[in-house]
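K.L.:
My file is run.cif. It has mmCIF, C-alpha atoms and all ligand atoms:
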```
data_query
loop_
_atom_site.label_atom_id
_atom_site.label_comp_id
_atom_site.auth_asym_id
_atom_site.auth_seq_id
_atom_site.Cartn_x
_atom_site.Cartn_y
_atom_site.Cartn_z
CA MET G 263 0.00 0.00 0.00
CA SER G 264 1.91 3.00 -1.21
CA GLY G 265 -1.00 5.44 -1.25
CA MET G 266 0.56 6.64 -4.51
CA THR G 267 -1.59 8.86 -6.66
CA THR G 268 -2.00 7.54 -10.16
CA ASP G 269 -4.11 7.93 -13.25
CA ILE G 270 -5.10 4.25 -13.12
CA GLU G 271 -8.85 3.85 -12.67
CA LEU G 272 -9.22 0.98 -10.22
CA VAL G 273 -13.04 0.95 -10.06
CA ASN G 274 -15.06 2.20 -13.04
CA LYS G 275 -18.31 4.18 -12.95
CA ASP G 276 -20.34 0.93 -12.93
CA GLY G 277 -18.46 -0.26 -9.84
CA ILE G 278 -16.44 -2.85 -11.79
CA ARG G 279 -12.78 -3.42 -10.90
CA ILE G 280 -9.90 -3.79 -13.37
CA ASP G 281 -10.07 -7.59 -13.23
CA GLY G 282 -13.83 -7.50 -13.89
CA ARG G 283 -14.94 -8.18 -10.31
CA THR G 284 -17.61 -6.37 -8.33
CA ALA G 285 -16.68 -4.80 -4.97
CA GLU G 286 -17.64 -7.84 -2.92
CA GLU G 287 -16.36 -10.53 -5.27
CA MET G 288 -13.44 -12.72 -4.26
CA ARG G 289 -10.86 -14.06 -6.69
CA PRO G 290 -11.26 -17.79 -7.45
CA LEU G 291 -9.77 -19.92 -4.66
CA ARG G 292 -8.64 -23.53 -4.98
CA ILE G 293 -6.99 -25.55 -2.21
CA GLU G 294 -5.52 -29.03 -2.32
CA ALA G 295 -4.51 -30.83 0.86
CA GLY G 296 -1.71 -33.37 1.25
CA VAL G 297 0.32 -32.59 -1.86
CA LEU G 298 3.78 -33.44 -0.47
CA ASN G 299 4.86 -36.98 0.44
CA ASN G 300 7.75 -36.11 2.74
CA ALA G 301 6.13 -33.53 5.00
CA ASP G 302 3.81 -34.43 7.90
CA GLY G 303 1.12 -32.23 6.37
CA SER G 304 0.85 -29.97 3.35
CA ALA G 305 -1.42 -27.84 1.22
CA TYR G 306 -1.23 -26.08 -2.13
CA LEU G 307 -3.36 -23.05 -2.81
CA GLU G 308 -4.16 -20.89 -5.82
CA TRP G 309 -6.03 -17.70 -5.10
CA GLY G 310 -6.39 -15.52 -8.18
CA LYS G 311 -2.81 -15.23 -9.41
CA ASN G 312 -1.31 -16.19 -6.04
CA LYS G 313 0.30 -19.62 -5.78
CA VAL G 314 1.33 -20.82 -2.33
CA LEU G 315 2.73 -24.10 -1.06
CA CYS G 316 2.73 -24.95 2.63
CA ALA G 317 4.45 -27.80 4.47
CA VAL G 318 4.09 -28.71 8.15
CA TYR G 319 6.47 -30.74 10.32
CA GLY G 320 5.80 -31.83 13.84
CA PRO G 321 5.06 -31.84 16.62
CA ARG G 322 8.77 -32.70 16.93
CA GLU G 323 11.46 -32.06 19.50
CA CYS G 324 12.34 -28.39 19.51
CA HIS G 325 15.95 -27.46 18.68
CA PRO G 326 17.83 -25.53 19.94
CA ARG G 327 16.69 -26.77 23.32
CA HIS G 328 16.76 -23.35 24.98
CA MET G 329 13.77 -22.47 22.80
CA GLN G 330 11.69 -25.28 24.26
CA ASN G 331 8.71 -24.35 26.40
CA PRO G 332 8.18 -26.95 29.18
CA THR G 333 4.41 -26.31 29.20
CA LYS G 334 3.51 -26.25 25.51
CA ALA G 335 4.67 -26.54 21.91
CA ILE G 336 5.98 -23.52 20.07
CA VAL G 337 4.76 -22.72 16.58
CA GLN G 338 7.43 -21.53 14.17
CA CYS G 339 6.27 -20.26 10.82
CA LYS G 340 8.64 -19.34 8.02
CA TYR G 341 6.96 -17.32 5.30
CA ASN G 342 9.15 -16.99 2.23
CA MET G 343 8.70 -15.40 -1.16
CA LEU G 344 10.69 -17.08 -3.91
CA SER G 345 12.86 -14.90 -6.17
CA PHE G 346 10.65 -15.54 -9.19
CA SER G 347 7.36 -14.98 -7.35
CA VAL G 348 7.20 -11.26 -8.12
CA SER G 349 7.88 -9.19 -11.25
CA ASP G 350 11.08 -7.57 -9.91
CA ARG G 351 13.35 -10.39 -8.76
CA LYS G 352 13.02 -10.76 -4.99
CA ARG G 353 16.33 -10.94 -3.15
CA PRO G 354 16.42 -14.42 -1.54
CA GLY G 355 16.31 -14.80 2.21
CA PRO G 356 14.39 -13.22 5.05
CA ASP G 357 13.66 -9.50 5.13
CA ARG G 358 11.70 -7.27 7.50
CA ARG G 359 8.42 -7.98 5.73
CA SER G 360 8.78 -11.79 5.72
CA ILE G 361 9.88 -11.80 9.38
CA GLU G 362 6.78 -9.77 10.30
CA ILE G 363 4.46 -12.01 8.28
CA SER G 364 6.03 -15.16 9.77
CA LYS G 365 5.42 -13.74 13.25
CA ILE G 366 1.76 -12.80 12.76
CA ILE G 367 0.98 -16.14 11.10
CA SER G 368 2.73 -18.06 13.93
CA GLU G 369 0.67 -16.14 16.49
CA ALA G 370 -2.63 -16.77 14.71
CA LEU G 371 -1.87 -20.50 14.43
CA GLU G 372 -0.67 -20.74 18.03
CA TYR G 373 -4.11 -19.55 19.08
CA VAL G 374 -5.94 -22.49 17.46
CA ILE G 375 -3.44 -25.33 17.97
CA PHE G 376 -3.73 -27.28 21.24
CA THR G 377 -0.08 -26.50 21.97
CA GLU G 378 -0.41 -27.61 25.62
CA ASN G 379 -0.70 -31.21 24.33
CA TYR G 380 2.94 -31.11 23.23
CA PRO G 381 5.30 -29.63 25.83
CA ARG G 382 8.88 -28.98 24.61
CA ALA G 383 7.87 -29.62 21.00
CA SER G 384 8.01 -27.42 17.94
CA ILE G 385 5.44 -27.29 15.17
CA ASP G 386 7.12 -25.95 12.05
CA VAL G 387 5.15 -24.36 9.25
CA TYR G 388 6.88 -23.48 5.97
CA ILE G 389 5.03 -21.19 3.60
CA GLU G 390 6.57 -20.75 0.16
CA VAL G 391 5.03 -18.13 -2.11
CA LEU G 392 5.62 -19.34 -5.68
CA GLN G 393 3.70 -16.50 -7.31
CA ALA G 394 2.44 -13.33 -5.65
CA ASN G 395 -0.33 -10.94 -6.58
CA ALA G 396 -1.34 -9.31 -3.27
CA GLY G 397 -2.94 -11.06 -0.33
CA THR G 398 -0.16 -13.59 0.17
CA ARG G 399 -0.16 -13.38 3.98
CA CYS G 400 -3.87 -14.32 3.95
CA ALA G 401 -3.26 -17.02 1.34
CA GLY G 402 -0.34 -18.38 3.42
CA LEU G 403 -2.34 -18.50 6.65
CA THR G 404 -5.32 -20.09 4.87
CA ALA G 405 -3.07 -22.80 3.40
CA ALA G 406 -1.22 -23.29 6.71
CA SER G 407 -4.24 -24.32 8.76
CA VAL G 408 -5.23 -26.85 6.06
CA ALA G 409 -1.68 -28.26 6.13
CA LEU G 410 -1.80 -28.48 9.95
CA ALA G 411 -5.09 -30.36 9.80
CA ASP G 412 -3.56 -32.63 7.14
CA ALA G 413 -0.67 -33.31 9.56
CA GLY G 414 -3.27 -34.45 12.12
CA ILE G 415 -2.39 -31.71 14.59
CA PRO G 416 -5.33 -31.06 16.93
CA MET G 417 -6.76 -27.56 16.52
CA LYS G 418 -9.78 -25.63 17.75
CA ASP G 419 -10.65 -24.76 14.19
CA LEU G 420 -9.33 -23.88 10.75
CA VAL G 421 -8.23 -20.27 10.15
CA PRO G 422 -9.58 -18.60 7.03
CA ALA G 423 -8.16 -15.19 6.08
CA VAL G 424 -8.84 -12.51 3.49
CA ALA G 425 -7.83 -8.91 2.79
CA ILE G 426 -10.34 -6.14 2.33
CA GLY G 427 -9.31 -2.71 1.11
CA LYS G 428 -10.22 0.60 -0.35
CA ALA G 429 -9.64 1.52 -3.97
CA ASP G 430 -10.76 4.74 -5.64
CA GLY G 431 -12.74 5.40 -2.45
CA HIS G 432 -14.71 2.10 -2.70
CA ILE G 433 -14.46 -0.72 -0.16
CA VAL G 434 -13.40 -3.81 -2.12
CA LEU G 435 -12.89 -7.44 -1.13
CA ASP G 436 -9.69 -9.40 -1.78
CA LEU G 437 -7.35 -6.77 -3.24
CA ASN G 438 -5.35 -7.58 -6.35
CA LYS G 439 -1.83 -6.25 -6.95
CA GLU G 440 -2.91 -2.98 -8.63
CA GLU G 441 -5.45 -2.25 -5.88
CA ASP G 442 -2.83 -3.05 -3.25
CA ASN G 443 -0.25 -0.78 -4.89
CA PHE G 444 -2.44 2.15 -5.87
CA GLY G 445 -5.39 1.82 -3.49
CA ASN G 446 -6.13 3.81 -0.32
CA ALA G 447 -6.17 1.05 2.31
CA ASP G 448 -5.45 -2.64 2.95
CA LEU G 449 -7.00 -4.58 5.83
CA PRO G 450 -6.00 -8.25 6.05
CA ILE G 451 -8.04 -10.22 8.57
CA ALA G 452 -8.35 -13.82 9.77
CA MET G 453 -11.55 -14.84 11.50
CA ILE G 454 -13.00 -18.09 12.82
CA PRO G 455 -16.54 -18.05 11.39
CA ARG G 456 -17.96 -20.30 14.13
CA THR G 457 -17.04 -17.94 16.97
CA GLY G 458 -16.32 -14.63 15.24
CA GLU G 459 -12.85 -14.57 16.87
CA VAL G 460 -10.38 -12.38 14.97
CA LEU G 461 -6.87 -13.89 14.89
CA LEU G 462 -5.19 -11.41 12.59
CA MET G 463 -5.95 -7.84 11.74
CA GLN G 464 -3.60 -5.32 10.22
CA MET G 465 -4.34 -1.97 8.67
CA ASP G 466 -2.37 -0.05 6.12
CA GLY G 467 -3.87 3.25 4.96
CA HIS G 468 -7.02 4.94 6.17
CA MET G 469 -10.72 4.11 6.39
CA THR G 470 -13.58 5.92 8.10
CA MET G 471 -15.39 4.03 10.87
CA GLU G 472 -18.29 3.36 8.50
CA GLU G 473 -15.95 2.04 5.80
CA PHE G 474 -14.20 -0.12 8.37
CA ASN G 475 -17.52 -1.67 9.40
CA THR G 476 -18.41 -2.40 5.77
CA ALA G 477 -14.95 -3.92 5.28
CA LEU G 478 -15.44 -6.15 8.32
CA GLU G 479 -18.82 -7.27 7.02
CA TYR G 480 -17.29 -8.18 3.64
CA GLY G 481 -14.41 -9.91 5.41
CA LYS G 482 -16.67 -11.95 7.67
CA LYS G 483 -18.73 -13.27 4.76
CA ALA G 484 -15.60 -14.00 2.72
CA CYS G 485 -13.98 -15.90 5.63
CA GLU G 486 -17.09 -18.10 5.75
CA LYS G 487 -16.58 -18.92 2.05
CA VAL G 488 -12.85 -19.55 2.47
CA TYR G 489 -13.62 -21.81 5.44
CA GLU G 490 -15.95 -23.97 3.32
CA ILE G 491 -13.23 -24.30 0.64
CA GLN G 492 -10.68 -25.30 3.33
CA LYS G 493 -13.01 -27.97 4.72
CA ASP G 494 -13.76 -29.21 1.21
CA ALA G 495 -10.02 -29.61 0.47
CA LEU G 496 -9.64 -31.83 3.55
CA LYS G 497 -12.78 -33.82 2.80
CA ARG G 498 -11.60 -34.46 -0.77
CA LYS G 499 -8.20 -35.65 0.41
CA TYR G 500 -9.56 -38.00 3.05
CA SER G 501 -12.53 -39.35 1.11
CA ILE G 502 -10.16 -40.34 -1.72
CA GLN G 503 -7.81 -41.95 0.79
CA SER G 504 -10.57 -43.95 2.53
CA GLU G 505 -11.86 -45.17 -0.85
CA ASP G 506 -8.32 -46.34 -1.65
CA THR G 507 -8.01 -48.26 1.60
CA GLU G 508 -11.43 -49.93 1.38
CA GLU G 509 -11.31 -53.71 0.97
CA PRO G 510 -12.36 -54.89 -2.50
CA GLU G 511 -15.68 -56.76 -2.45
N1 LIG G 601 5.44 -7.60 -3.43
C1 LIG G 601 6.50 -7.53 -4.33
N2 LIG G 601 7.79 -7.60 -3.84
C2 LIG G 601 8.05 -7.72 -2.50
C3 LIG G 601 6.98 -7.78 -1.61
C4 LIG G 601 5.68 -7.72 -2.10
O1 LIG G 601 6.28 -7.43 -5.53
O2 LIG G 601 9.23 -7.78 -2.10
C5 LIG G 601 4.05 -7.58 -3.96
C6 LIG G 601 3.44 -8.99 -3.95
O3 LIG G 601 2.64 -9.17 -5.09
C7 LIG G 601 2.58 -8.93 -2.72
C8 LIG G 601 2.08 -7.51 -2.79
O4 LIG G 601 3.22 -6.77 -3.19
O5 LIG G 601 1.56 -9.90 -2.74
C9 LIG G 601 1.51 -6.96 -1.52
O6 LIG G 601 2.40 -7.10 -0.47
P1 LIG G 601 1.97 -6.89 1.04
O7 LIG G 601 3.20 -6.55 1.81
O8 LIG G 601 0.79 -5.98 1.12
O9 LIG G 601 1.54 -8.36 1.52
P2 LIG G 601 0.40 -9.32 0.98
O10 LIG G 601 -0.71 -8.48 0.40
O11 LIG G 601 1.02 -10.20 -0.06
O12 LIG G 601 -0.05 -10.08 2.19
#
```
What is this file in structure tokens?
Ligand code: UDP

P.N.:
Amino acid sequence: MSGMTTDIELVNKDGIRIDGRTAEEMRPLRIEAGVLNNADGSAYLEWGKNKVLCAVYGPRECHPRHMQNPTKAIVQCKYNMLSFSVSDRKRPGPDRRSIEISKIISEALEYVIFTENYPRASIDVYIEVLQANAGTRCAGLTAASVALADAGIPMKDLVPAVAIGKADGHIVLDLNKEEDNFGNADLPIAMIPRTGEVLLMQMDGHMTMEEFNTALEYGKKACEKVYEIQKDALKRKYSIQSEDTEEPE
């Protein structure tokens, strides 16, 4: 969110956005669970032009040992954007942004995982962004909770996330890259639909109170949709697996 002024028209006079969506329309979202053989759990997600792969390991003994918590497991997320994931080559390795995103995703996941079941353990979540087009922290978190469920790690619930923003003065759901770059505000949220608990909320830019409430309303409905897609990914994975293991008649 640069807040840059530009001649680009992000929302036209009919309320249609540059990728043809209406204000409250989400980009297409597809999630597949259990895509990696050598991780304990995994998920692959495509959300508009975003492509994200997530792998989970654990619970496993936490190293170095001084990081162990004798009462519960720690959750360590590493969010990483690959060099070729963005149009200007991204310098490999962690930077301020990826360290921040890793931290907020770890905290959101720590809230839902029954960490007290696994003292001294670490649950490691690797998020690799293969292609980015805005909203990758939400895409990463959405994929991560599916991968954790795929790893069989007990959780209170899945964590769906989505970004809402403001472009050309309109509140719009699920910002694309142009809206993120040239829009007026970006509000990524993660919410458990069942309880309404908010596990992540960040705000870049400005919204009035009324706009904020509209954004939250859009976000809440979108999280419900994302949640259904997450559950569907897990159901698909495990119904296929149980069919495979059924005894032939
Ligand atoms: N981006 C980029 N290079 C970077 C970081 C970000 O091109 O080093 C792009 C990428 O498409 C990303 C978008 O800017 O999705 C918005 O980044 P932001 O920090 O708002 O996080 P996100 O919306 O991905 O959660």

K.L.:
Which residues form the shell of 7 Å around ligand LIG 601 (chain G) when you count only C-alpha atoms and all ligand atoms, given as a PDB file with C-alpha atoms, in the coordinates of the input?

P.N.:
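And here's part.pdb as it stands now:
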```
ATOM      1  CA  MET G 263       0.000   0.000   0.000  1.00  0.00           C
ATOM      2  CA  VAL G 348       7.200 -11.260  -8.120  1.00  0.00           C
ATOM      3  CA  SER G 349       7.880  -9.190 -11.250  1.00  0.00           C
ATOM      4  CA  ASP G 350      11.080  -7.570  -9.910  1.00  0.00           C
ATOM      5  CA  LYS G 352      13.020 -10.760  -4.990  1.00  0.00           C
ATOM      6  CA  ARG G 359       8.420  -7.980   5.730  1.00  0.00           C
ATOM      7  CA  ALA G 394       2.440 -13.330  -5.650  1.00  0.00           C
ATOM      8  CA  ASN G 395      -0.330 -10.940  -6.580  1.00  0.00           C
ATOM      9  CA  ALA G 396      -1.340  -9.310  -3.270  1.00  0.00           C
ATOM     10  CA  GLY G 397      -2.940 -11.060  -0.330  1.00  0.00           C
ATOM     11  CA  THR G 398      -0.160 -13.590   0.170  1.00  0.00           C
ATOM     12  CA  ARG G 399      -0.160 -13.380   3.980  1.00  0.00           C
ATOM     13  CA  CYS G 400      -3.870 -14.320   3.950  1.00  0.00           C
ATOM     14  CA  LYS G 439      -1.830  -6.250  -6.950  1.00  0.00           C
ATOM     15  CA  ASP G 442      -2.830  -3.050  -3.250  1.00  0.00           C
TER      16      ASP G 442
END
```

K.L.:
Which one is closest to G:Pro416: G:Asp436, G:Glu372, G:Asp430, G:Glu505? Count all atoms listed in the file.

P.N.:
G:Glu372

K.L.:
Between G:Gly414, G:Pro356, G:Pro381, G:Pro321, single out the one closest to G:Tyr500, counting only C-alpha atoms.

P.N.:
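Checking each candidate against G:Tyr500, we get G:Gly414 as the closest.
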
K.L.:
Could you jot down the atom CA of G:Glu473 to atom CA of G:Leu435 separation for me, Å, one decimal place?

P.N.:
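Atom-to-atom, atom CA of G:Glu473 to atom CA of G:Leu435, that is 12.1 Å.
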
K.L.:
So, counting only C-alpha atoms, which residue among G:Ile367, G:Ala383, G:Met453, G:Val273 is closest to G:Pro326?

P.N.:
G:Ala383

K.L.:
Could you please determine the separation between atom CA of G:Asn312 and atom CA of G:Asn475 in Å, to one decimal place?

P.N.:
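Computed distance, atom CA of G:Asn312 to atom CA of G:Asn475, equals 26.7 Å.
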
K.L.:
Mind checking which residues fall within 7 Å of G:Ala447, counting all atoms listed in the file, ignoring those fewer than 5 positions away in the same chain, and posting them as a list of chain:residue names?

P.N.:
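Everything that qualifies: G:Met263, G:Gly427, G:Lys428, G:Asp466, G:Gly467, G:His468, G:Met469.
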
K.L.:
If you count all atoms listed in the file, which residues fall within 8 Å of G:Asn331, apart from same-chain ones fewer than 2 positions away, as a list in words?

P.N.:
Met329, Thr333, Lys334, Ala335, Ile336, Pro381, Arg382 and Ala383 of chain G

K.L.:
Looking at all atoms listed in the file, which of G:Leu344, G:Ile426, G:Val460, G:Ile389 is the one that sits closest to G:Asn446?

P.N.:
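The closest residue to G:Asn446 is G:Ile426.
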
K.L.:
Show me, as AutoDock Vina command-line options, the centre and edge lengths in Å to one decimal of the axis-aligned box that covers every listed atom of stretch 288-298 of chain G with 8 Å on each side.

P.N.:
```
--center_x -4.8 --center_y -23.1 --center_z -3.1 --size_x 33.2 --size_y 36.7 --size_z 24.7
```

K.L.:
Mind giving me the straight-line distance from atom CA of G:Val421 to atom CA of G:Ala370 in Å, one decimal?

P.N.:
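The value is 8.0 Å.
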
K.L.:
List the spatial neighbours of stretch 480-486 of chain G as a PyMOL selection string - criterion: any atom at most 9 Å away, all atoms listed in the file, same-chain residues fewer than 6 positions off excluded.

P.N.:
chain G and resi 286-288+421-426+433-436+450-456+458

K.L.:
What lies within 9 Å of G:Ser407 using all atoms listed in the file, ignoring chain neighbours under 5 positions off, as a ChimeraX atom specification?

P.N.:
/G:305,371,402,412,417,419-422,492

K.L.:
Smallest atom-to-atom distance to G:Lys497: which of G:Glu271, G:Asp448, G:Glu294, G:Glu378, using only C-alpha atoms?

P.N.:
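Using only C-alpha atoms, G:Lys497 sits closest to G:Glu294.
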
K.L.:
Would you please work out which residue, of G:Met463, G:Leu478, G:Pro354, G:His328, is nearest to G:Ile366 when using all atoms listed in the file?

P.N.:
G:Met463

K.L.:
Find the residues near G:Arg353: any atom within 10 Å, counting all atoms listed in the file, skip ones fewer than 6 places away on the same chain, and give them as an NGL selection string.

P.N.:
:G and (343-346)
